[in-house]
>>> print(open('my_file_18.pdb').read())   # PDB, C-alpha atoms
ATOM      1  CA  MET U  27     -24.199  33.818   5.739
ATOM      2  CA  GLU U  28     -27.930  34.532   5.263
ATOM      3  CA  ALA U  29     -30.544  31.759   5.290
ATOM      4  CA  ALA U  30     -30.963  31.865   1.499
ATOM      5  CA  ASP U  31     -27.232  31.555   0.995
ATOM      6  CA  GLN U  32     -27.086  28.645   3.416
ATOM      7  CA  ARG U  33     -29.784  26.821   1.490
ATOM      8  CA  ALA U  34     -27.948  27.489  -1.745
ATOM      9  CA  TRP U  35     -24.679  26.193  -0.329
ATOM     10  CA  ARG U  36     -26.361  22.933   0.619
ATOM     11  CA  ASN U  37     -27.377  22.456  -2.977
ATOM     12  CA  SER U  38     -24.812  20.146  -4.599
ATOM     13  CA  GLU U  39     -24.941  21.977  -7.948
ATOM     14  CA  PHE U  40     -24.032  25.226  -6.197
ATOM     15  CA  ARG U  41     -21.167  23.454  -4.426
ATOM     16  CA  GLN U  42     -19.898  22.056  -7.708
ATOM     17  CA  THR U  43     -19.931  25.538  -9.202
ATOM     18  CA  GLN U  44     -17.974  26.925  -6.267
ATOM     19  CA  TYR U  45     -15.484  24.078  -6.432
ATOM     20  CA  ALA U  46     -14.993  24.535 -10.184
ATOM     21  CA  MET U  47     -14.480  28.289  -9.783
ATOM     22  CA  ALA U  48     -11.940  27.780  -7.025
ATOM     23  CA  THR U  49      -9.904  25.212  -8.924
ATOM     24  CA  ASN U  50     -10.222  26.387 -12.546
ATOM     25  CA  SER U  51      -6.829  28.071 -12.406
ATOM     26  CA  VAL U  52      -5.164  24.647 -12.194
ATOM     27  CA  ASP U  53      -4.500  23.106 -15.588
ATOM     28  CA  LYS U  54      -4.737  19.408 -14.822
ATOM     29  CA  ASN U  55      -3.618  18.536 -18.348
ATOM     30  CA  ASN U  56      -0.415  20.548 -18.044
ATOM     31  CA  GLY U  57       2.207  17.825 -17.699
ATOM     32  CA  LYS U  58       1.938  14.381 -16.182
ATOM     33  CA  SER U  59       0.358  13.817 -12.795
ATOM     34  CA  ILE U  60      -0.315  10.883 -10.481
ATOM     35  CA  GLN U  61      -4.056  10.352 -10.627
ATOM     36  CA  SER U  62      -4.567   9.135  -7.049
ATOM     37  CA  VAL U  63      -2.582  12.054  -5.618
ATOM     38  CA  ASP U  64      -4.473  14.519  -7.795
ATOM     39  CA  ARG U  65      -7.801  13.095  -6.683
ATOM     40  CA  ALA U  66      -6.838  13.086  -2.986
ATOM     41  CA  LEU U  67      -5.850  16.739  -3.223
ATOM     42  CA  SER U  68      -9.116  17.504  -5.004
ATOM     43  CA  ILE U  69     -10.993  15.905  -2.101
ATOM     44  CA  LEU U  70      -9.136  18.101   0.377
ATOM     45  CA  GLU U  71      -9.913  21.166  -1.724
ATOM     46  CA  ALA U  72     -13.591  20.243  -1.911
ATOM     47  CA  LEU U  73     -13.814  19.812   1.861
ATOM     48  CA  SER U  74     -11.979  23.098   2.419
ATOM     49  CA  LEU U  75     -14.600  24.960   0.366
ATOM     50  CA  SER U  76     -17.531  23.596   2.334
ATOM     51  CA  ASN U  77     -18.723  25.296   5.504
ATOM     52  CA  SER U  78     -20.330  22.052   6.683
ATOM     53  CA  PRO U  79     -19.361  18.350   6.573
ATOM     54  CA  LEU U  80     -19.912  16.534   3.274
ATOM     55  CA  MET U  81     -21.333  13.070   2.702
ATOM     56  CA  LEU U  82     -19.353  10.591   0.646
ATOM     57  CA  ASN U  83     -21.648  10.812  -2.383
ATOM     58  CA  GLU U  84     -21.391  14.616  -2.309
ATOM     59  CA  ILE U  85     -17.584  14.456  -2.312
ATOM     60  CA  ALA U  86     -17.585  11.953  -5.183
ATOM     61  CA  LYS U  87     -19.893  14.178  -7.248
ATOM     62  CA  LEU U  88     -17.865  17.325  -6.536
ATOM     63  CA  VAL U  89     -14.547  15.730  -7.453
ATOM     64  CA  GLY U  90     -15.978  13.741 -10.363
ATOM     65  CA  ILE U  91     -14.979  10.231  -9.334
ATOM     66  CA  ASN U  92     -16.934   7.054  -8.657
ATOM     67  CA  LEU U  93     -18.145   6.275  -5.163
ATOM     68  CA  SER U  94     -15.857   3.287  -4.571
ATOM     69  CA  THR U  95     -12.692   5.197  -5.524
ATOM     70  CA  CYS U  96     -13.796   8.144  -3.430
ATOM     71  CA  HIS U  97     -14.381   5.868  -0.435
ATOM     72  CA  HIS U  98     -10.865   4.399  -0.612
ATOM     73  CA  LEU U  99      -9.230   7.809  -0.944
ATOM     74  CA  VAL U 100     -11.261   9.380   1.853
ATOM     75  CA  LYS U 101     -10.614   6.364   4.093
ATOM     76  CA  THR U 102      -6.865   6.866   3.571
ATOM     77  CA  LEU U 103      -7.133  10.581   4.370
ATOM     78  CA  VAL U 104      -9.039   9.740   7.555
ATOM     79  CA  LYS U 105      -6.408   7.164   8.524
ATOM     80  CA  ARG U 106      -3.632   9.733   8.011
ATOM     81  CA  GLY U 107      -5.508  12.285  10.095
ATOM     82  CA  TYR U 108      -6.238  14.876   7.404
ATOM     83  CA  VAL U 109      -9.978  14.228   7.342
ATOM     84  CA  VAL U 110     -12.399  13.643  10.223
ATOM     85  CA  TYR U 111     -15.305  11.202   9.902
ATOM     86  CA  ALA U 112     -18.298  11.978  12.100
ATOM     87  CA  GLY U 113     -20.332   8.864  11.252
ATOM     88  CA  ARG U 114     -22.917   8.089   8.592
ATOM     89  CA  SER U 115     -25.100  11.016   9.525
ATOM     90  CA  GLY U 116     -22.232  13.411  10.258
ATOM     91  CA  GLY U 117     -20.182  13.159   7.083
ATOM     92  CA  TYR U 118     -16.578  14.205   6.473
ATOM     93  CA  SER U 119     -14.684  17.407   7.203
ATOM     94  CA  LEU U 120     -11.087  18.603   7.271
ATOM     95  CA  SER U 121      -9.065  18.110  10.440
ATOM     96  CA  SER U 122      -6.585  20.644  11.793
ATOM     97  CA  ARG U 123      -3.618  18.606  10.562
ATOM     98  CA  LEU U 124      -3.088  20.640   7.386
ATOM     99  CA  GLU U 125      -2.895  23.778   9.490
ATOM    100  CA  ALA U 126      -0.374  22.060  11.770
ATOM    101  CA  VAL U 127       1.732  21.075   8.745
ATOM    102  CA  ALA U 128       1.647  24.652   7.456
ATOM    103  CA  GLN U 129       2.659  25.992  10.866
ATOM    104  CA  ARG U 130       5.512  23.482  11.019
ATOM    105  CA  SER U 131       6.735  24.687   7.630
ATOM    106  CA  VAL U 132       6.783  28.285   8.867
ATOM    107  CA  ARG U 133       8.615  27.266  12.052
ATOM    108  CA  ASP U 134      11.207  25.330  10.067
ATOM    109  CA  TYR U 135      11.795  28.339   7.834
ATOM    110  CA  ASN U 136      12.259  30.581  10.861
ATOM    111  CA  LEU U 137      14.588  28.020  12.434
ATOM    112  CA  VAL U 138      16.766  27.989   9.314
ATOM    113  CA  GLU U 139      17.015  31.773   9.364
ATOM    114  CA  PHE U 140      17.855  31.708  13.075
ATOM    115  CA  VAL U 141      20.624  29.122  12.647
ATOM    116  CA  ARG U 142      22.026  30.328   9.312
ATOM    117  CA  PRO U 143      24.370  33.147  10.527
ATOM    118  CA  LYS U 144      26.046  30.924  13.139
ATOM    119  CA  LEU U 145      26.334  28.024  10.734
ATOM    120  CA  GLN U 146      27.895  30.349   8.164
ATOM    121  CA  GLU U 147      30.450  31.343  10.804
ATOM    122  CA  LEU U 148      31.264  27.689  11.427
ATOM    123  CA  ASN U 149      31.555  27.129   7.686
ATOM    124  CA  ILE U 150      33.988  30.042   7.304
ATOM    125  CA  ASP U 151      36.028  29.168  10.396
ATOM    126  CA  LEU U 152      36.488  25.495   9.504
ATOM    127  CA  ARG U 153      36.251  25.946   5.735
ATOM    128  CA  GLU U 154      34.548  22.550   5.805
ATOM    129  CA  ALA U 155      31.058  21.456   4.771
ATOM    130  CA  VAL U 156      28.435  22.048   7.470
ATOM    131  CA  GLN U 157      24.745  21.304   7.874
ATOM    132  CA  MET U 158      21.701  21.724  10.117
ATOM    133  CA  ALA U 159      19.135  18.939  10.510
ATOM    134  CA  VAL U 160      15.883  18.242  12.347
ATOM    135  CA  LEU U 161      13.976  15.052  13.115
ATOM    136  CA  ARG U 162      10.505  15.224  11.590
ATOM    137  CA  GLY U 163       8.521  12.177  12.567
ATOM    138  CA  SER U 164      11.040   9.401  11.991
ATOM    139  CA  ALA U 165      12.938  11.138   9.190
ATOM    140  CA  LEU U 166      16.108  13.173   9.457
ATOM    141  CA  VAL U 167      15.552  16.314   7.370
ATOM    142  CA  THR U 168      18.545  18.467   6.465
ATOM    143  CA  HIS U 169      17.313  22.042   6.083
ATOM    144  CA  LEU U 170      20.616  23.811   5.544
ATOM    145  CA  ARG U 171      23.842  22.729   3.829
ATOM    146  CA  LEU U 172      26.912  24.864   3.185
ATOM    147  CA  PRO U 173      29.751  23.429   1.051
ATOM    148  CA  SER U 174      33.415  23.309   1.961
ATOM    149  CA  HIS U 175      35.752  26.093   0.837
ATOM    150  CA  ILE U 176      38.682  23.787   0.154
ATOM    151  CA  ALA U 177      39.132  20.877  -2.200
ATOM    152  CA  PRO U 178      37.618  18.410  -2.389
ATOM    153  CA  GLN U 179      34.305  20.245  -2.122
ATOM    154  CA  LEU U 180      31.940  17.773  -0.529
ATOM    155  CA  ASP U 181      28.460  17.234  -1.911
ATOM    156  CA  LEU U 182      26.233  16.654   1.106
ATOM    157  CA  ARG U 183      23.062  16.144  -0.927
ATOM    158  CA  GLU U 184      23.530  12.413  -0.401
ATOM    159  CA  TYR U 185      22.770  13.016   3.265
ATOM    160  CA  ALA U 186      19.199  13.761   2.192
ATOM    161  CA  LYS U 187      18.627  10.061   1.492
ATOM    162  CA  LEU U 188      15.938   8.439   3.583
ATOM    163  CA  HIS U 189      16.720   6.262   6.581
ATOM    164  CA  THR U 190      20.212   7.638   7.290
ATOM    165  CA  VAL U 191      19.506   8.914  10.808
ATOM    166  CA  HIS U 192      21.532   6.143  12.484
ATOM    167  CA  ALA U 193      24.521   6.494  10.151
ATOM    168  CA  VAL U 194      25.298  10.230  10.213
ATOM    169  CA  ALA U 195      26.486  12.397  13.101
ATOM    170  CA  PRO U 196      23.653  14.993  12.995
ATOM    171  CA  GLY U 197      21.148  12.151  13.214
ATOM    172  CA  LYS U 198      22.882  10.292  16.021
ATOM    173  CA  ALA U 199      23.233  13.548  17.962
ATOM    174  CA  ILE U 200      19.431  13.856  18.031
ATOM    175  CA  LEU U 201      18.751  10.150  18.609
ATOM    176  CA  ALA U 202      20.915  10.223  21.732
ATOM    177  CA  TRP U 203      18.400  12.429  23.546
ATOM    178  CA  LEU U 204      15.151  10.748  22.499
ATOM    179  CA  PRO U 205      13.061   8.922  25.112
ATOM    180  CA  GLU U 206      13.502   5.154  24.876
ATOM    181  CA  ALA U 207      10.057   4.531  23.355
ATOM    182  CA  GLU U 208      10.575   7.276  20.751
ATOM    183  CA  LEU U 209      14.001   5.892  19.834
ATOM    184  CA  ALA U 210      12.477   2.444  19.355
ATOM    185  CA  ARG U 211       9.797   3.899  17.062
ATOM    186  CA  VAL U 212      12.315   5.811  14.935
ATOM    187  CA  VAL U 213      14.514   2.736  14.578
ATOM    188  CA  ALA U 214      11.507   0.558  13.707
ATOM    189  CA  ASP U 215      10.383   3.052  11.047
ATOM    190  CA  ASN U 216      13.830   3.552   9.501
ATOM    191  CA  GLY U 217      15.553   0.240  10.038
ATOM    192  CA  LEU U 218      19.316   0.048  10.446
ATOM    193  CA  ALA U 219      20.530  -0.214   6.866
ATOM    194  CA  ALA U 220      24.221  -0.831   6.219
ATOM    195  CA  PHE U 221      25.687   1.912   4.005
ATOM    196  CA  THR U 222      29.280   0.782   4.599
ATOM    197  CA  ASP U 223      30.929  -2.038   6.524
ATOM    198  CA  LYS U 224      31.244   0.392   9.471
ATOM    199  CA  THR U 225      27.548   1.275   9.736
ATOM    200  CA  ILE U 226      25.893   0.360  13.030
ATOM    201  CA  THR U 227      23.265  -2.260  12.180
ATOM    202  CA  SER U 228      22.161  -3.600  15.569
ATOM    203  CA  LEU U 229      19.972  -1.873  18.138
ATOM    204  CA  GLY U 230      22.270  -2.868  20.993
ATOM    205  CA  ALA U 231      25.316  -1.320  19.292
ATOM    206  CA  LEU U 232      23.345   1.835  18.497
ATOM    207  CA  ILE U 233      22.187   2.214  22.108
ATOM    208  CA  GLU U 234      25.790   1.906  23.290
ATOM    209  CA  GLU U 235      26.907   4.460  20.698
ATOM    210  CA  LEU U 236      24.222   6.902  21.834
ATOM    211  CA  ARG U 237      25.339   6.484  25.443
ATOM    212  CA  LEU U 238      28.817   7.627  24.367
ATOM    213  CA  VAL U 239      27.263  10.573  22.502
ATOM    214  CA  ARG U 240      25.518  11.739  25.680
ATOM    215  CA  ARG U 241      28.737  11.396  27.648
ATOM    216  CA  SER U 242      30.959  13.265  25.183
ATOM    217  CA  GLY U 243      28.423  15.891  24.110
ATOM    218  CA  PHE U 244      28.799  15.225  20.386
ATOM    219  CA  ALA U 245      28.176  12.482  17.833
ATOM    220  CA  MET U 246      30.573  11.158  15.210
ATOM    221  CA  ASP U 247      30.179   9.103  12.066
ATOM    222  CA  ASP U 248      33.494   7.592  11.052
ATOM    223  CA  GLY U 249      32.979   6.201   7.571
ATOM    224  CA  GLU U 250      29.532   4.897   8.505
ATOM    225  CA  PHE U 251      27.621   6.573   5.697
ATOM    226  CA  ARG U 252      30.449   7.033   3.216
ATOM    227  CA  PRO U 253      33.841   5.408   3.781
ATOM    228  CA  ASP U 254      35.742   8.544   2.703
ATOM    229  CA  LEU U 255      33.980  10.929   5.125
ATOM    230  CA  VAL U 256      34.067  11.688   8.850
ATOM    231  CA  GLY U 257      31.312  13.757  10.449
ATOM    232  CA  TYR U 258      30.587  15.454  13.771
ATOM    233  CA  GLY U 259      27.267  16.648  15.136
ATOM    234  CA  ALA U 260      25.831  18.253  18.276
ATOM    235  CA  VAL U 261      22.296  19.135  19.324
ATOM    236  CA  VAL U 262      20.899  22.629  19.689
ATOM    237  CA  ARG U 263      18.450  23.126  22.556
ATOM    238  CA  ASP U 264      16.076  25.924  23.332
ATOM    239  CA  MET U 265      16.138  27.698  26.684
ATOM    240  CA  SER U 266      13.760  25.108  28.175
ATOM    241  CA  GLY U 267      16.247  22.359  27.368
ATOM    242  CA  ALA U 268      14.225  20.818  24.523
ATOM    243  CA  VAL U 269      16.245  19.528  21.560
ATOM    244  CA  VAL U 270      15.381  21.606  18.497
ATOM    245  CA  CYS U 271      17.866  20.541  15.829
ATOM    246  CA  SER U 272      21.464  19.475  15.311
ATOM    247  CA  VAL U 273      24.411  21.112  13.596
ATOM    248  CA  GLY U 274      27.294  19.236  12.065
ATOM    249  CA  ALA U 275      30.470  19.346  10.017
ATOM    250  CA  THR U 276      31.787  16.776   7.548
ATOM    251  CA  ILE U 277      35.429  16.355   6.525
ATOM    252  CA  PRO U 278      37.285  14.084   4.097
ATOM    253  CA  ARG U 279      39.014  11.172   5.800
ATOM    254  CA  LYS U 280      42.355  12.199   4.287
ATOM    255  CA  ARG U 281      42.305  15.359   6.447
ATOM    256  CA  ALA U 282      41.047  13.585   9.563
ATOM    257  CA  SER U 283      44.148  13.513  11.765
ATOM    258  CA  ASP U 284      43.551  13.068  15.496
ATOM    259  CA  ALA U 285      44.319  16.739  16.175
ATOM    260  CA  TYR U 286      42.047  17.933  13.381
ATOM    261  CA  ARG U 287      39.218  15.659  14.495
ATOM    262  CA  SER U 288      39.398  17.201  17.984
ATOM    263  CA  HIS U 289      39.412  20.705  16.491
ATOM    264  CA  VAL U 290      36.332  20.051  14.341
ATOM    265  CA  ALA U 291      34.440  18.384  17.197
ATOM    266  CA  ARG U 292      35.096  21.349  19.504
ATOM    267  CA  ALA U 293      34.020  23.834  16.840
ATOM    268  CA  VAL U 294      30.738  21.989  16.255
ATOM    269  CA  VAL U 295      30.008  21.746  19.990
ATOM    270  CA  ASP U 296      30.799  25.452  20.463
ATOM    271  CA  CYS U 297      28.487  26.384  17.590
ATOM    272  CA  ALA U 298      25.654  24.300  19.065
ATOM    273  CA  ARG U 299      26.244  25.754  22.532
ATOM    274  CA  GLU U 300      26.148  29.344  21.306
ATOM    275  CA  LEU U 301      22.937  28.724  19.367
ATOM    276  CA  SER U 302      21.400  27.022  22.406
ATOM    277  CA  GLY U 303      22.212  30.034  24.555
ATOM    278  CA  ARG U 304      20.081  32.274  22.306
ATOM    279  CA  MET U 305      17.321  29.860  21.229
ATOM    280  CA  PRO U 306      13.902  30.994  22.536
ATOM    281  CA  ALA U 307      11.898  28.303  24.299
ATOM    282  CA  GLY U 308       9.060  26.678  22.383
ATOM    283  CA  CYS U 309       9.434  28.615  19.133
ATOM    284  CA  PHE U 310      10.750  25.861  16.888
ATOM    285  CA  VAL U 311       9.615  22.574  18.475
TER
END
>>> encode(input="my_file_18.pdb", output="C-alpha cells")
Amino acid sequence: MEAADQRAWRNSEFRQTQYAMATNSVDKNNGKSIQSVDRALSILEALSLSNSPLMLNEIAKLVGINLSTCHHLVKTLVKRGYVVYAGRSGGYSLSSRLEAVAQRSVRDYNLVEFVRPKLQELNIDLREAVQMAVLRGSALVTHLRLPSHIAPQLDLREYAKLHTVHAVAPGKAILAWLPEAELARVVADNGLAAFTDKTITSLGALIEELRLVRRSGFAMDDGEFRPDLVGYGAVVRDMSGAVVCSVGATIPRKRASDAYRSHVARAVVDCARELSGRMPAGCFV
C-alpha cells in the first residue's frame, strides 16, 4: 500500500466507508437477531478489515455503538481469545483463533468423508443405527449418524444433547484414553447428569468404568442415556496412536441378547480397527 493510501486508511471516515462497503450485503433488518451477538460479529468484521490495530473508540465508531458497550464486548472477545489487546497505545487486533476454528471445520469435514464409507459398511452389515463422534473441547460432537434399517428405526438426534459424554458409548470410548487432568476438566465442564437411573453420576464410578473400557477395547452404555437403548463404541486412532474420533452402534434393548451384544461389540471394534489402520497421522487432530 502506498504512503497516501496508508494515510487514508488511518482516517476513521475512510475506515467507516470501507466497513460499510464490506458489510452492506447483510440485511440486518431481515428477521430477528440477537443484538449482542450481531455487535460482537461486527467488531470482528471491523478488525478484519483493518491492516493495523484499532483503538477502542475507533471500533465503537466503526460499529456504531457506545464506548461502554464496545468495551464490554471487546473485553469478552479478548477473554475468549478471538481478539488480542496490545495495551493502551497498541490497540486491538484479531488473533489467529478464527483461522484455527476454520481449519478445524475443514478437518472435521475431511474426517467425516474419510470415515463415512466404513461407517456405511457397518450400518449395512448390522442394519443398526451407527454414528461417529469427536470430542471438541469438553463437548461430544456427533458428526455422522446413519439410521437403522430395521424397525424400530432409532432417532439418534437426541445424542446431540449437551453434556452426554459420560452417558453414551462413543463418549466413554474417548474419555477412557484422556490424560487424567484432561478427564477431570471435561467432567468439571459437563457435570455427570443423570439421564436414567443407570447413568454413572460419580467420578469414582466413571473412572472405574473407563478402566474397564481400556481393558476390553470398547465402551458400552446399557440404558444409561435412554432406558430402551444399548450402545457400543470404540476409538479410532491415527497411525501415531493419537485418538481421533469414536465410532459406535446403538440397538434397541429388546434385541440385546447376550449373543447379539457380543456380535455388535465385535463389529464396532473391527470397524474402528480398520479405520485406524488407514488413518494418516496428524491430519484430523
>>> resolve_selection(input="my_file_18.pdb", expression="the PyMOL selection byres ((chain U and resi 65-67) around 10)", output="MDAnalysis selection string")
chainID U and resid 60:64 68:73 86 89:91 95:96 98:100 102:103
>>> closest_residue(input="my_file_18.pdb", among="U:Ala202, U:Val256, U:Leu218, U:Leu152", to="U:Arg279", atoms="all atoms listed in the file")
U:Val256
>>> resolve_selection(input="my_file_18.pdb", expression="the PyMOL selection byres ((chain U and resi 249) around 9)", output="number ranges by chain")
U: 193, 222-225, 247-248, 250-257, 279
>>> resolve_selection(input="my_file_18.pdb", expression="the PyMOL selection byres ((chain U and resi 119) around 7)", output="list in words")
Leu73, Pro79, Leu80, Val109, Val110, Tyr111, Gly117, Tyr118, Leu120 and Ser121 of chain U
>>> write_last_selection(input="my_file_18.pdb", atoms="C-alpha atoms", output="CSV table (one decimal), in the coordinates of the input")
chain,number,residue,atom,x,y,z
U,73,LEU,CA,-13.8,19.8,1.9
U,79,PRO,CA,-19.4,18.4,6.6
U,80,LEU,CA,-19.9,16.5,3.3
U,109,VAL,CA,-10.0,14.2,7.3
U,110,VAL,CA,-12.4,13.6,10.2
U,111,TYR,CA,-15.3,11.2,9.9
U,117,GLY,CA,-20.2,13.2,7.1
U,118,TYR,CA,-16.6,14.2,6.5
U,120,LEU,CA,-11.1,18.6,7.3
U,121,SER,CA,-9.1,18.1,10.4
>>> residues_around(input="my_file_18.pdb", residues="U:Ala210", least_positions_apart="6", cutoff="12 Å", atoms="only C-alpha atoms", output="number ranges by chain")
U: 164, 192, 201-202, 204, 216-218, 229-230, 232-233
>>> atom_distance(input="my_file_18.pdb", atom1="atom CA of U:Ser302", atom2="atom CA of U:Gln146")
16.0 Å
>>> residues_around(input="my_file_18.pdb", residues="stretch 167-172 of chain U", least_positions_apart="4", cutoff="7 Å", atoms="all atoms listed in the file", output="JSON, numbers by chain")
{"U": [138, 149, 155, 156, 157, 158, 159, 160, 161, 162, 186]}
>>> atom_distance(input="my_file_18.pdb", atom1="atom CA of U:Leu238", atom2="atom CA of U:Trp203")
11.5 Å
>>> atom_distance(input="my_file_18.pdb", atom1="atom CA of U:Val290", atom2="atom CA of U:Glu235")
19.3 Å
>>> residues_around(input="my_file_18.pdb", residues="U:Met305", least_positions_apart="6", cutoff="9 Å", atoms="all atoms listed in the file", output="list in words")
Phe140, Val262, Arg263, Asp264, Met265 and Val270 of chain U
>>> closest_residue(input="my_file_18.pdb", among="U:Arg153, U:Arg240, U:Lys101, U:Lys144", to="U:Gln179", atoms="only C-alpha atoms")
U:Arg153
>>> closest_residue(input="my_file_18.pdb", among="U:Glu208, U:Asp215, U:Asp151, U:Glu234", to="U:His289", atoms="all atoms listed in the file")
U:Asp151
>>> closest_residue(input="my_file_18.pdb", among="U:Ser266, U:Ser94, U:Ser228, U:Ser242", to="U:Arg292", atoms="only C-alpha atoms")
U:Ser242
>>> axis_aligned_box(input="my_file_18.pdb", around="stretch 160-166 of chain U", padding_each_side="5 Å", output="AutoDock Vina command-line options")
--center_x 12.3 --center_y 13.8 --center_z 11.2 --size_x 17.6 --size_y 18.8 --size_z 13.9
>>> decode(input="my_file_18.pdb", residues="stretch 213-276 of chain U", atoms="C-alpha atoms", output="PDB file, in the first residue's frame")
ATOM      1  CA  VAL U 213     -16.067 -33.849  33.749  1.00  0.00           C
ATOM      2  CA  ALA U 214     -15.940 -30.475  35.523  1.00  0.00           C
ATOM      3  CA  ASP U 215     -17.232 -28.707  32.398  1.00  0.00           C
ATOM      4  CA  ASN U 216     -20.009 -31.209  31.655  1.00  0.00           C
ATOM      5  CA  GLY U 217     -21.004 -32.496  35.059  1.00  0.00           C
ATOM      6  CA  LEU U 218     -22.365 -36.006  35.489  1.00  0.00           C
ATOM      7  CA  ALA U 219     -26.077 -35.539  34.887  1.00  0.00           C
ATOM      8  CA  ALA U 220     -28.415 -38.478  35.460  1.00  0.00           C
ATOM      9  CA  PHE U 221     -30.420 -39.250  32.305  1.00  0.00           C
ATOM     10  CA  THR U 222     -31.741 -42.552  33.684  1.00  0.00           C
ATOM     11  CA  ASP U 223     -31.391 -44.431  36.958  1.00  0.00           C
ATOM     12  CA  LYS U 224     -28.458 -46.313  35.363  1.00  0.00           C
ATOM     13  CA  THR U 225     -26.395 -43.247  34.436  1.00  0.00           C
ATOM     14  CA  ILE U 226     -22.982 -43.027  36.088  1.00  0.00           C
ATOM     15  CA  THR U 227     -23.099 -39.937  38.308  1.00  0.00           C
ATOM     16  CA  SER U 228     -19.938 -40.188  40.416  1.00  0.00           C
ATOM     17  CA  LEU U 229     -16.365 -39.567  39.311  1.00  0.00           C
ATOM     18  CA  GLY U 230     -15.112 -42.686  41.079  1.00  0.00           C
ATOM     19  CA  ALA U 231     -17.626 -44.916  39.269  1.00  0.00           C
ATOM     20  CA  LEU U 232     -16.779 -43.274  35.944  1.00  0.00           C
ATOM     21  CA  ILE U 233     -13.041 -43.821  36.443  1.00  0.00           C
ATOM     22  CA  GLU U 234     -13.683 -47.500  37.175  1.00  0.00           C
ATOM     23  CA  GLU U 235     -15.901 -47.773  34.094  1.00  0.00           C
ATOM     24  CA  LEU U 236     -13.204 -46.207  31.918  1.00  0.00           C
ATOM     25  CA  ARG U 237     -10.648 -48.671  33.274  1.00  0.00           C
ATOM     26  CA  LEU U 238     -12.895 -51.493  32.029  1.00  0.00           C
ATOM     27  CA  VAL U 239     -13.209 -49.742  28.651  1.00  0.00           C
ATOM     28  CA  ARG U 240      -9.422 -49.695  28.258  1.00  0.00           C
ATOM     29  CA  ARG U 241      -9.216 -53.357  29.208  1.00  0.00           C
ATOM     30  CA  SER U 242     -11.959 -54.573  26.863  1.00  0.00           C
ATOM     31  CA  GLY U 243     -11.214 -52.232  23.958  1.00  0.00           C
ATOM     32  CA  PHE U 244     -14.763 -50.897  23.678  1.00  0.00           C
ATOM     33  CA  ALA U 245     -17.281 -48.862  25.663  1.00  0.00           C
ATOM     34  CA  MET U 246     -20.909 -49.703  26.374  1.00  0.00           C
ATOM     35  CA  ASP U 247     -23.901 -47.723  27.553  1.00  0.00           C
ATOM     36  CA  ASP U 248     -26.577 -50.039  28.884  1.00  0.00           C
ATOM     37  CA  GLY U 249     -29.668 -47.904  29.333  1.00  0.00           C
ATOM     38  CA  GLU U 250     -27.592 -45.026  30.698  1.00  0.00           C
ATOM     39  CA  PHE U 251     -28.833 -42.373  28.298  1.00  0.00           C
ATOM     40  CA  ARG U 252     -32.157 -43.920  27.335  1.00  0.00           C
ATOM     41  CA  PRO U 253     -33.517 -46.957  29.177  1.00  0.00           C
ATOM     42  CA  ASP U 254     -34.646 -48.657  25.945  1.00  0.00           C
ATOM     43  CA  LEU U 255     -31.253 -48.451  24.183  1.00  0.00           C
ATOM     44  CA  VAL U 256     -27.891 -50.215  24.391  1.00  0.00           C
ATOM     45  CA  GLY U 257     -24.838 -48.728  22.688  1.00  0.00           C
ATOM     46  CA  TYR U 258     -21.269 -49.731  21.857  1.00  0.00           C
ATOM     47  CA  GLY U 259     -18.350 -47.513  20.920  1.00  0.00           C
ATOM     48  CA  ALA U 260     -14.642 -47.789  20.106  1.00  0.00           C
ATOM     49  CA  VAL U 261     -11.970 -45.199  19.383  1.00  0.00           C
ATOM     50  CA  VAL U 262     -10.298 -44.611  16.043  1.00  0.00           C
ATOM     51  CA  ARG U 263      -6.607 -43.706  16.192  1.00  0.00           C
ATOM     52  CA  ASP U 264      -4.288 -42.318  13.592  1.00  0.00           C
ATOM     53  CA  MET U 265      -1.027 -44.048  12.724  1.00  0.00           C
ATOM     54  CA  SER U 266       0.788 -42.176  15.514  1.00  0.00           C
ATOM     55  CA  GLY U 267      -1.598 -43.660  18.064  1.00  0.00           C
ATOM     56  CA  ALA U 268      -3.495 -40.424  18.760  1.00  0.00           C
ATOM     57  CA  VAL U 269      -7.245 -40.790  19.337  1.00  0.00           C
ATOM     58  CA  VAL U 270      -9.090 -39.023  16.523  1.00  0.00           C
ATOM     59  CA  CYS U 271     -12.743 -39.963  16.975  1.00  0.00           C
ATOM     60  CA  SER U 272     -15.020 -42.807  18.012  1.00  0.00           C
ATOM     61  CA  VAL U 273     -17.484 -44.955  16.108  1.00  0.00           C
ATOM     62  CA  GLY U 274     -20.494 -46.614  17.645  1.00  0.00           C
ATOM     63  CA  ALA U 275     -23.669 -48.604  17.143  1.00  0.00           C
ATOM     64  CA  THR U 276     -26.943 -48.364  19.056  1.00  0.00           C
TER      65      THR U 276
END
